[in-house]
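Content type TSV, C-alpha atoms, from the file coords.tsv:
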chain	number	residue	atom	x	y	z
Z	1134	MET	CA	-34.03	-21.91	32.55
Z	1135	ASN	CA	-36.08	-21.15	29.41
Z	1136	VAL	CA	-34.06	-21.35	26.22
Z	1137	ASP	CA	-35.27	-19.75	22.97
Z	1138	LEU	CA	-34.98	-22.86	20.79
Z	1139	GLU	CA	-35.75	-21.10	17.54
Z	1140	SER	CA	-33.04	-18.49	18.18
Z	1141	LEU	CA	-30.63	-21.25	19.17
Z	1142	ALA	CA	-31.37	-23.16	15.96
Z	1143	GLU	CA	-30.87	-19.99	13.90
Z	1144	ALA	CA	-27.58	-19.21	15.66
Z	1145	THR	CA	-26.21	-22.75	15.29
Z	1146	SER	CA	-27.09	-23.13	11.61
Z	1147	GLY	CA	-25.79	-19.62	10.87
Z	1148	ALA	CA	-22.48	-20.26	12.62
Z	1149	ILE	CA	-21.94	-23.58	10.82
Z	1150	GLY	CA	-22.79	-21.97	7.49
Z	1151	SER	CA	-20.32	-19.16	8.17
Z	1152	LEU	CA	-17.57	-21.63	9.10
Z	1153	LEU	CA	-17.95	-23.64	5.90
Z	1154	SER	CA	-18.27	-20.66	3.56
Z	1155	SER	CA	-15.26	-18.81	5.03
Z	1156	THR	CA	-13.09	-21.94	4.73
Z	1157	ILE	CA	-14.04	-22.54	1.11
Z	1158	LEU	CA	-13.38	-18.94	0.06
Z	1159	TYR	CA	-10.43	-18.13	2.33
Z	1160	PRO	CA	-7.70	-17.87	-0.39
Z	1161	LEU	CA	-9.87	-15.33	-2.22
Z	1162	ASP	CA	-10.38	-13.47	1.06
Z	1163	THR	CA	-6.60	-13.28	1.64
Z	1164	CYS	CA	-5.98	-11.94	-1.87
Z	1165	LYS	CA	-8.77	-9.41	-1.47
Z	1166	THR	CA	-7.53	-8.18	1.93
Z	1167	LYS	CA	-3.89	-7.74	0.82
Z	1168	TYR	CA	-5.07	-5.93	-2.31
Z	1169	GLN	CA	-7.25	-3.52	-0.32
Z	1170	ALA	CA	-4.58	-2.83	2.31
Z	1171	GLU	CA	-2.00	-1.58	-0.20
Z	1172	ALA	CA	-3.06	2.02	0.25
Z	1173	ARG	CA	-0.33	2.36	2.90
Z	1174	SER	CA	2.43	1.42	0.47
Z	1175	HIS	CA	4.57	4.21	-0.96
Z	1176	GLY	CA	5.82	4.55	-4.54
Z	1177	ASN	CA	4.61	2.25	-7.29
Z	1178	ARG	CA	1.79	-0.13	-6.55
Z	1179	LYS	CA	2.78	-3.71	-5.93
Z	1180	TYR	CA	-0.60	-5.09	-6.89
Z	1181	LYS	CA	-2.28	-3.64	-9.97
Z	1182	ASN	CA	-4.91	-6.37	-10.04
Z	1183	LEU	CA	-6.37	-8.85	-7.58
Z	1184	SER	CA	-4.71	-11.71	-9.49
Z	1185	ASP	CA	-1.26	-10.20	-8.78
Z	1186	VAL	CA	-1.58	-11.28	-5.15
Z	1187	LEU	CA	-2.22	-14.86	-6.22
Z	1188	TRP	CA	0.70	-14.89	-8.66
Z	1189	GLU	CA	3.02	-13.53	-5.94
Z	1190	ALA	CA	2.14	-16.47	-3.70
Z	1191	VAL	CA	2.63	-18.92	-6.58
Z	1192	SER	CA	5.95	-17.42	-7.72
Z	1193	LYS	CA	7.37	-17.51	-4.18
Z	1194	GLY	CA	6.20	-21.06	-3.57
Z	1195	GLN	CA	3.94	-19.83	-0.78
Z	1196	VAL	CA	0.56	-21.03	-2.02
Z	1197	LEU	CA	-0.29	-22.47	1.39
Z	1198	SER	CA	0.28	-19.00	2.85
Z	1199	LEU	CA	-2.99	-18.00	1.23
Z	1200	TYR	CA	-4.47	-19.85	4.21
Z	1201	GLN	CA	-2.48	-17.95	6.86
Z	1202	GLY	CA	-4.80	-16.94	9.67
Z	1203	LEU	CA	-7.50	-19.42	8.62
Z	1204	GLY	CA	-7.92	-20.83	12.13
Z	1205	THR	CA	-8.35	-17.37	13.65
Z	1206	LYS	CA	-10.73	-16.34	10.88
Z	1207	ASN	CA	-12.86	-19.44	11.37
Z	1208	LEU	CA	-12.94	-18.93	15.15
Z	1209	GLN	CA	-13.95	-15.30	14.70
Z	1210	SER	CA	-16.46	-16.17	12.01
Z	1211	PHE	CA	-18.11	-18.96	14.03
Z	1212	ILE	CA	-18.39	-16.92	17.24
Z	1213	SER	CA	-19.54	-13.74	15.51
Z	1214	GLN	CA	-22.19	-15.45	13.40
Z	1215	PHE	CA	-23.49	-17.43	16.38
Z	1216	ILE	CA	-23.81	-14.28	18.48
Z	1217	TYR	CA	-25.29	-12.31	15.59
Z	1218	PHE	CA	-27.88	-14.86	14.51
Z	1219	TYR	CA	-28.91	-15.59	18.10
Z	1220	GLY	CA	-29.25	-11.91	18.94
Z	1221	TYR	CA	-31.00	-11.09	15.68
Z	1222	SER	CA	-33.52	-13.92	16.04
Z	1223	TYR	CA	-34.04	-13.30	19.76
Z	1224	PHE	CA	-34.58	-9.54	19.37
Z	1225	LYS	CA	-37.04	-10.14	16.53
Z	1226	ARG	CA	-39.11	-12.54	18.61
Z	1227	LEU	CA	-38.98	-10.19	21.61
Z	1228	TYR	CA	-40.10	-7.26	19.47
Z	1229	LEU	CA	-43.06	-9.20	18.06
Z	1230	GLU	CA	-44.10	-10.38	21.53
Z	1231	LYS	CA	-43.91	-6.90	23.07
Z	1232	SER	CA	-45.44	-5.01	20.14
Z	1233	GLY	CA	-48.16	-7.49	19.26
Z	1234	TYR	CA	-47.41	-7.11	15.55
Z	1235	ARG	CA	-47.45	-10.09	13.22
Z	1236	SER	CA	-44.50	-8.88	11.13
Z	1237	ILE	CA	-41.54	-6.52	11.47
Z	1238	GLY	CA	-41.27	-3.35	9.41
Z	1239	THR	CA	-38.11	-2.32	7.58
Z	1240	ARG	CA	-37.14	0.37	10.12
Z	1241	ALA	CA	-37.54	-1.94	13.13
Z	1242	ASN	CA	-35.67	-4.70	11.30
Z	1243	LEU	CA	-32.73	-2.38	10.63
Z	1244	LEU	CA	-32.55	-1.33	14.28
Z	1245	ILE	CA	-32.73	-4.92	15.52
Z	1246	ALA	CA	-30.04	-6.06	13.07
Z	1247	ALA	CA	-27.80	-3.10	14.00
Z	1248	ALA	CA	-28.16	-3.86	17.73
Z	1249	ALA	CA	-27.21	-7.50	17.18
Z	1250	GLY	CA	-24.29	-6.40	15.01
Z	1251	ALA	CA	-22.98	-3.96	17.61
Z	1252	VAL	CA	-22.88	-6.65	20.31
Z	1253	THR	CA	-21.11	-8.99	17.87
Z	1254	ALA	CA	-18.52	-6.40	16.80
Z	1255	ILE	CA	-17.49	-5.51	20.36
Z	1256	THR	CA	-17.23	-9.17	21.39
Z	1257	THR	CA	-15.17	-10.40	18.43
Z	1258	GLN	CA	-13.07	-7.31	17.55
Z	1259	PRO	CA	-9.74	-8.73	18.86
Z	1260	LEU	CA	-10.11	-11.83	16.67
Z	1261	ASP	CA	-11.12	-9.69	13.70
Z	1262	THR	CA	-8.03	-7.48	14.11
Z	1263	ALA	CA	-5.71	-10.48	14.50
Z	1264	SER	CA	-7.15	-12.13	11.40
Z	1265	SER	CA	-6.59	-9.01	9.28
Z	1266	ARG	CA	-2.98	-8.67	10.46
Z	1267	MET	CA	-2.27	-12.32	9.68
Z	1268	GLN	CA	-3.72	-12.04	6.18
Z	1269	THR	CA	-1.82	-8.85	5.33
Z	1270	SER	CA	1.54	-10.07	6.67
Z	1271	ALA	CA	4.13	-11.04	4.07
Z	1272	PHE	CA	3.56	-14.55	2.73
Z	1273	GLY	CA	5.14	-17.09	5.08
Z	1274	LYS	CA	5.70	-14.56	7.88
Z	1275	SER	CA	2.36	-14.62	9.64
Z	1276	LYS	CA	2.49	-15.02	13.43
Z	1277	GLY	CA	0.25	-17.12	15.65
Z	1278	LEU	CA	-2.90	-15.78	17.26
Z	1279	LEU	CA	-1.43	-15.25	20.75
Z	1280	LYS	CA	1.68	-13.46	19.47
Z	1281	THR	CA	-0.36	-11.30	17.12
Z	1282	LEU	CA	-2.64	-10.21	19.94
Z	1283	THR	CA	0.13	-9.54	22.47
Z	1284	GLU	CA	2.74	-7.78	20.32
Z	1285	GLY	CA	1.09	-4.37	20.76
Z	1286	SER	CA	-0.83	-2.52	23.43
Z	1287	TRP	CA	-4.27	-3.53	24.68
Z	1288	SER	CA	-5.89	-0.80	22.59
Z	1289	ASP	CA	-4.19	-2.12	19.44
Z	1290	ILE	CA	-6.30	-5.28	19.41
Z	1291	PHE	CA	-9.39	-3.08	19.15
Z	1292	ASP	CA	-8.10	-1.26	16.05
Z	1293	GLY	CA	-11.00	-0.44	13.79
Z	1294	LEU	CA	-13.70	-0.92	16.43
Z	1295	SER	CA	-15.34	2.41	15.61
Z	1296	ILE	CA	-15.63	1.43	11.94
Z	1297	SER	CA	-16.76	-2.07	12.92
Z	1298	LEU	CA	-19.61	-0.48	14.84
Z	1299	LEU	CA	-20.39	1.72	11.84
Z	1300	LEU	CA	-20.33	-1.35	9.61
Z	1301	THR	CA	-23.08	-2.99	11.64
Z	1302	THR	CA	-25.23	-1.25	9.05
Z	1303	ASN	CA	-23.85	-3.70	6.47
Z	1304	PRO	CA	-25.36	-6.92	7.86
Z	1305	ALA	CA	-28.34	-4.86	9.01
Z	1306	ILE	CA	-29.02	-3.84	5.41
Z	1307	GLN	CA	-28.13	-7.31	4.10
Z	1308	TYR	CA	-30.38	-9.34	6.40
Z	1309	THR	CA	-33.20	-6.82	6.20
Z	1310	VAL	CA	-33.20	-7.05	2.40
Z	1311	PHE	CA	-32.82	-10.84	2.60
Z	1312	ASP	CA	-35.67	-11.22	5.09
Z	1313	GLN	CA	-37.99	-9.00	3.06
Z	1314	LEU	CA	-37.26	-10.95	-0.13
Z	1315	LYS	CA	-37.53	-14.26	1.72
Z	1316	GLN	CA	-40.92	-13.36	3.18
Z	1317	ARG	CA	-42.26	-12.65	-0.29
Z	1318	VAL	CA	-40.88	-15.90	-1.73
Z	1319	LEU	CA	-42.23	-17.99	1.16
Z	1320	LYS	CA	-45.54	-16.15	1.51
Z	1321	ASN	CA	-47.61	-19.04	0.19
Z	1322	LYS	CA	-45.34	-21.78	1.58
Z	1323	GLN	CA	-45.50	-20.44	5.14
Z	1324	LYS	CA	-49.29	-20.77	5.20
Z	1325	THR	CA	-49.09	-24.54	4.75
Z	1326	ALA	CA	-45.83	-25.26	6.62
Z	1327	ASP	CA	-46.08	-27.32	9.82
Z	1328	LYS	CA	-43.97	-25.30	12.23
Z	1329	ARG	CA	-44.07	-28.11	14.78
Z	1330	VAL	CA	-41.84	-30.12	12.44
Z	1331	SER	CA	-39.62	-27.37	11.06
Z	1332	PRO	CA	-39.86	-23.77	9.86
Z	1333	ALA	CA	-40.44	-23.22	6.14
Z	1334	SER	CA	-37.15	-22.87	4.26
Z	1335	LEU	CA	-35.88	-21.69	0.89
Z	1336	SER	CA	-34.44	-23.92	-1.79
Z	1337	ALA	CA	-30.63	-23.91	-2.06
Z	1338	PHE	CA	-30.68	-21.96	-5.33
Z	1339	MET	CA	-33.16	-19.35	-4.11
Z	1340	ALA	CA	-31.26	-18.84	-0.83
Z	1341	PHE	CA	-28.03	-18.38	-2.83
Z	1342	LEU	CA	-29.67	-15.89	-5.19
Z	1343	LEU	CA	-31.34	-13.82	-2.47
Z	1344	GLY	CA	-28.14	-13.88	-0.42
Z	1345	ALA	CA	-26.12	-12.58	-3.38
Z	1346	ILE	CA	-28.58	-9.77	-4.11
Z	1347	SER	CA	-28.86	-8.62	-0.49
Z	1348	LYS	CA	-25.09	-8.68	0.10
Z	1349	SER	CA	-24.33	-6.80	-3.13
Z	1350	ILE	CA	-26.62	-3.97	-2.06
Z	1351	ALA	CA	-25.12	-3.79	1.44
Z	1352	THR	CA	-21.52	-3.94	0.17
Z	1353	CYS	CA	-21.92	-1.14	-2.38
Z	1354	LEU	CA	-23.46	1.16	0.23
Z	1355	THR	CA	-20.79	0.60	2.90
Z	1356	TYR	CA	-17.61	-0.10	0.91
Z	1357	PRO	CA	-15.59	3.08	1.74
Z	1358	ALA	CA	-15.84	2.19	5.43
Z	1359	ILE	CA	-14.89	-1.43	4.69
Z	1360	ARG	CA	-11.67	-0.36	2.97
Z	1361	CYS	CA	-10.77	2.05	5.76
Z	1362	LYS	CA	-11.16	-0.75	8.29
Z	1363	VAL	CA	-8.82	-3.06	6.34
Z	1364	ILE	CA	-6.15	-0.35	6.15
Z	1365	ILE	CA	-6.41	0.43	9.88
Z	1366	GLN	CA	-6.13	-3.22	10.91
Z	1367	ALA	CA	-3.49	-4.32	8.38
Z	1368	ALA	CA	-0.01	-5.44	9.41
Z	1369	GLU	CA	2.62	-2.70	9.32
Z	1370	ALA	CA	4.63	-2.57	6.07
Z	1371	ASP	CA	7.82	-1.72	8.01
Z	1372	GLU	CA	7.35	-4.82	10.15
Z	1373	GLU	CA	7.11	-7.04	7.08
Z	1374	THR	CA	10.33	-5.76	5.49
Z	1375	SER	CA	12.64	-4.92	8.37
Z	1376	GLY	CA	11.23	-6.81	11.33
Z	1377	LYS	CA	10.53	-3.64	13.32
Z	1378	LYS	CA	7.62	-3.86	15.73
Z	1379	ILE	CA	6.33	-0.35	15.29
Z	1380	ARG	CA	2.68	0.45	14.81
Z	1381	THR	CA	1.76	3.97	13.77
Z	1382	PRO	CA	-1.59	4.92	15.28
Z	1383	LYS	CA	-4.19	5.40	12.56
Z	1384	THR	CA	-7.49	7.20	12.85
Z	1385	VAL	CA	-10.46	7.09	10.51
Z	1386	SER	CA	-9.88	10.71	9.47
Z	1387	SER	CA	-6.17	10.15	8.71
Z	1388	VAL	CA	-6.93	7.05	6.63
Z	1389	LEU	CA	-9.66	8.83	4.67
Z	1390	TYR	CA	-7.34	11.79	4.03
Z	1391	GLY	CA	-4.47	9.50	3.03
Z	1392	ILE	CA	-6.60	7.67	0.48
Z	1393	TRP	CA	-7.78	10.98	-0.94
Z	1394	GLN	CA	-4.19	12.28	-1.27
Z	1395	ARG	CA	-2.76	9.16	-2.92
Z	1396	GLU	CA	-5.65	7.83	-4.96
Z	1397	GLY	CA	-8.40	10.41	-5.18
Z	1398	ILE	CA	-12.10	9.72	-4.80
Z	1399	LEU	CA	-11.89	6.45	-6.75
Z	1400	GLY	CA	-9.50	5.17	-4.09
Z	1401	TYR	CA	-12.40	4.79	-1.67
Z	1402	PHE	CA	-13.74	2.12	-3.99
Z	1403	LYS	CA	-10.47	0.35	-4.85
Z	1404	GLY	CA	-11.08	-3.38	-4.64
Z	1405	LEU	CA	-14.86	-3.04	-4.68
Z	1406	HIS	CA	-15.15	-5.74	-7.34
Z	1407	ALA	CA	-13.01	-8.08	-5.22
Z	1408	GLN	CA	-15.06	-7.30	-2.12
Z	1409	ILE	CA	-18.32	-7.96	-3.93
Z	1410	LEU	CA	-17.00	-11.19	-5.45
Z	1411	LYS	CA	-15.80	-12.52	-2.09
Z	1412	THR	CA	-18.56	-11.27	0.18
Z	1413	VAL	CA	-21.38	-12.10	-2.19
Z	1414	LEU	CA	-20.12	-15.64	-2.66
Z	1415	SER	CA	-19.45	-15.99	1.06
Z	1416	SER	CA	-22.79	-14.57	2.14
Z	1417	ALA	CA	-24.73	-16.49	-0.48
Z	1418	LEU	CA	-23.01	-19.74	0.54
Z	1419	LEU	CA	-23.59	-18.98	4.22
Z	1420	LEU	CA	-27.29	-18.34	3.75
Z	1421	MET	CA	-27.67	-21.30	1.38
Z	1422	ILE	CA	-25.99	-23.68	3.86
Z	1423	LYS	CA	-27.91	-22.14	6.77
Z	1424	GLU	CA	-31.26	-22.59	5.03
Z	1425	LYS	CA	-30.50	-26.21	4.12
Z	1426	ILE	CA	-29.33	-27.26	7.59
Z	1427	SER	CA	-31.75	-25.11	9.64
Z	1428	ALA	CA	-34.51	-27.73	9.39
Z	1429	THR	CA	-32.13	-30.48	10.51
Z	1430	THR	CA	-30.79	-28.29	13.31
Z	1431	TRP	CA	-34.34	-27.54	14.45
Z	1432	VAL	CA	-35.24	-31.23	14.58
Z	1433	LEU	CA	-32.04	-32.12	16.46
Z	1434	ILE	CA	-32.60	-29.41	19.05
Z	1435	LEU	CA	-36.19	-30.54	19.59
Z	1436	ALA	CA	-34.99	-34.13	19.95
Z	1437	ILE	CA	-32.39	-33.10	22.52
Z	1438	LYS	CA	-34.99	-31.08	24.43
Z	1439	ARG	CA	-37.40	-34.01	24.53
Z	1440	TYR	CA	-34.61	-36.34	25.65
Z	1441	LEU	CA	-33.62	-34.00	28.48
Z	1442	LEU	CA	-37.24	-33.66	29.59
Z	1443	LEU	CA	-37.81	-37.41	29.79
Z	1444	PRO	CA	-38.25	-38.76	33.35
Z	1445	LYS	CA	-35.05	-40.35	34.65
Z	1446	GLY	CA	-36.72	-43.74	34.89
Z	1447	ARG	CA	-37.69	-43.72	31.25
Z	1448	VAL	CA	-34.20	-42.61	30.20
Z	1449	LYS	CA	-32.68	-45.62	31.97
Z	1450	ASN	CA	-35.10	-47.99	30.26
Z	1451	LEU	CA	-34.30	-46.70	26.77

Here is the file; what I need is its structure written in the form of structure tokens.
Amino acid sequence: MNVDLESLAEATSGAIGSLLSSTILYPLDTCKTKYQAEARSHGNRKYKNLSDVLWEAVSKGQVLSLYQGLGTKNLQSFISQFIYFYGYSYFKRLYLEKSGYRSIGTRANLLIAAAAGAVTAITTQPLDTASSRMQTSAFGKSKGLLKTLTEGSWSDIFDGLSISLLLTTNPAIQYTVFDQLKQRVLKNKQKTADKRVSPASLSAFMAFLLGAISKSIATCLTYPAIRCKVIIQAAEADEETSGKKIRTPKTVSSVLYGIWQREGILGYFKGLHAQILKTVLSSALLLMIKEKISATTWVLILAIKRYLLLPKGRVKNL
């Protein structure tokens, strides 16, 4: 069986980078998600600022609850990034081989990234939904992964799938912008790089900077859909206060109308600053870590391949 080693190296380094970045920034992610999901609350707002979520956890002695759902988030993050980076890298190589082009244009890059994102979204949607419900549950009242997934109907675990598919444009925009910027930065370096050793890579600072720029652009363009998704997937407010296990079906149109009624047009961008802060830091860290370990991952995979291809007699004599 032929394995695309370059795609495998990209997928592995991307998944590890995602795992580390999501763990480091998880408390910020929890605060951001609870702040965004408050659109379903009635009456006065509980959280006027992002910091109010943090102070609630501190005042209730539930600081560790800022990490509720971390295991599920990490599992979802690792699987989704592995699938995405593998698909993205594989489709790019396939496109270049079939087309005969030396580089990929912006339009083709967007389509390839969107296709990889769609496969990822469908595969990991149950974990994504469970993670959002855990984060938006009252502090100290989050349920385990299995209970969260089984407390509703089968369709409930795919809440927000339509928006998740729409939001494949987010990483598509992000990685297209990142790749275009990266190609320009590495234009001279790639000419002299020995690809038999490892692909040319960015410095940690440059990868962080380009990751922050590309994610900021993607987040601003897709934020209304991001907030709708959080509201659709969030834990029910009635369940948090009274223990009732009732989920009111929510559609994209009803959520959009509800935000308009309660908050006006600015409501579609509530929490944008928090989203940018979290996602930019997360994405920049992910890409920085990925760039720094991709060379090592490449070398390790080549070493494993060579080891597996050694004749059995030579392996025994080593």

_So that I can check the surroundings of Gly1293 in chain Z, please list as a ChimeraX atom specification every protein, DNA and RNA residue that reaches within 7 Å of it, counting all atoms listed in the file and ignoring chain neighbours fewer than 3 positions away._
/Z:1296-1297,1362,1365-1366

*asked:* Can you tell me which residues surround Val1388 in chain Z at a distance of at most 10 Å, considering only C-alpha atoms, apart from same-chain residues fewer than 2 positions away, and format the answer as number ranges by chain?
replied: Z: 1172-1173, 1360-1362, 1364-1365, 1383-1386, 1390-1394

Generate the output file for the selected residues, C-alpha atoms, as a PDB file, keeping the file's coordinate frame.
ATOM      1  CA  ALA Z1172      -3.060   2.020   0.250  1.00  0.00           C
ATOM      2  CA  ARG Z1173      -0.330   2.360   2.900  1.00  0.00           C
ATOM      3  CA  ARG Z1360     -11.670  -0.360   2.970  1.00  0.00           C
ATOM      4  CA  CYS Z1361     -10.770   2.050   5.760  1.00  0.00           C
ATOM      5  CA  LYS Z1362     -11.160  -0.750   8.290  1.00  0.00           C
ATOM      6  CA  ILE Z1364      -6.150  -0.350   6.150  1.00  0.00           C
ATOM      7  CA  ILE Z1365      -6.410   0.430   9.880  1.00  0.00           C
ATOM      8  CA  LYS Z1383      -4.190   5.400  12.560  1.00  0.00           C
ATOM      9  CA  THR Z1384      -7.490   7.200  12.850  1.00  0.00           C
ATOM     10  CA  VAL Z1385     -10.460   7.090  10.510  1.00  0.00           C
ATOM     11  CA  SER Z1386      -9.880  10.710   9.470  1.00  0.00           C
ATOM     12  CA  TYR Z1390      -7.340  11.790   4.030  1.00  0.00           C
ATOM     13  CA  GLY Z1391      -4.470   9.500   3.030  1.00  0.00           C
ATOM     14  CA  ILE Z1392      -6.600   7.670   0.480  1.00  0.00           C
ATOM     15  CA  TRP Z1393      -7.780  10.980  -0.940  1.00  0.00           C
ATOM     16  CA  GLN Z1394      -4.190  12.280  -1.270  1.00  0.00           C
TER      17      GLN Z1394
END

*Closest to Ile1422 in chain Z among Z:Ala1340, Z:Val1191, Z:Leu1243, Z:Leu1229, using all atoms listed in the file?*
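The answer is Z:Ala1340, which sits nearest to Ile1422 in chain Z.
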
_Please determine, counting only C-alpha atoms, which residue among Z:Asn1207, Z:Gln1408, Z:Ser1416, Z:Ser1264 has the shortest atom-to-atom distance to Leu1279 in chain Z._
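Residue with the minimum atom-to-atom distance to Leu1279 in chain Z: Z:Ser1264.
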
*Looking at Z:Val1196, Z:Ala1246, Z:Leu1152, Z:Val1186, which one is nearest to Gln1169 in chain Z, with distances taken over all atoms listed in the file?*
Z:Val1186

_I'd like the interatomic distance between CA of Ser1155 in chain Z and CA of Asp1261 in chain Z, to a tenth of an Å._
13.2 Å

*Have a look at Z:Val1363, Z:Ala1144, Z:Leu1187, Z:Ala1249 and name the one nearest to Ala1263 in chain Z; count all atoms listed in the file.*
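Of Z:Val1363, Z:Ala1144, Z:Leu1187, Z:Ala1249, the one nearest Ala1263 in chain Z, counting all atoms listed in the file, is Z:Val1363.
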
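Note that the spacing between CA of Ala1271 in chain Z and CA of Pro1259 in chain Z amounts to 20.4 Å.
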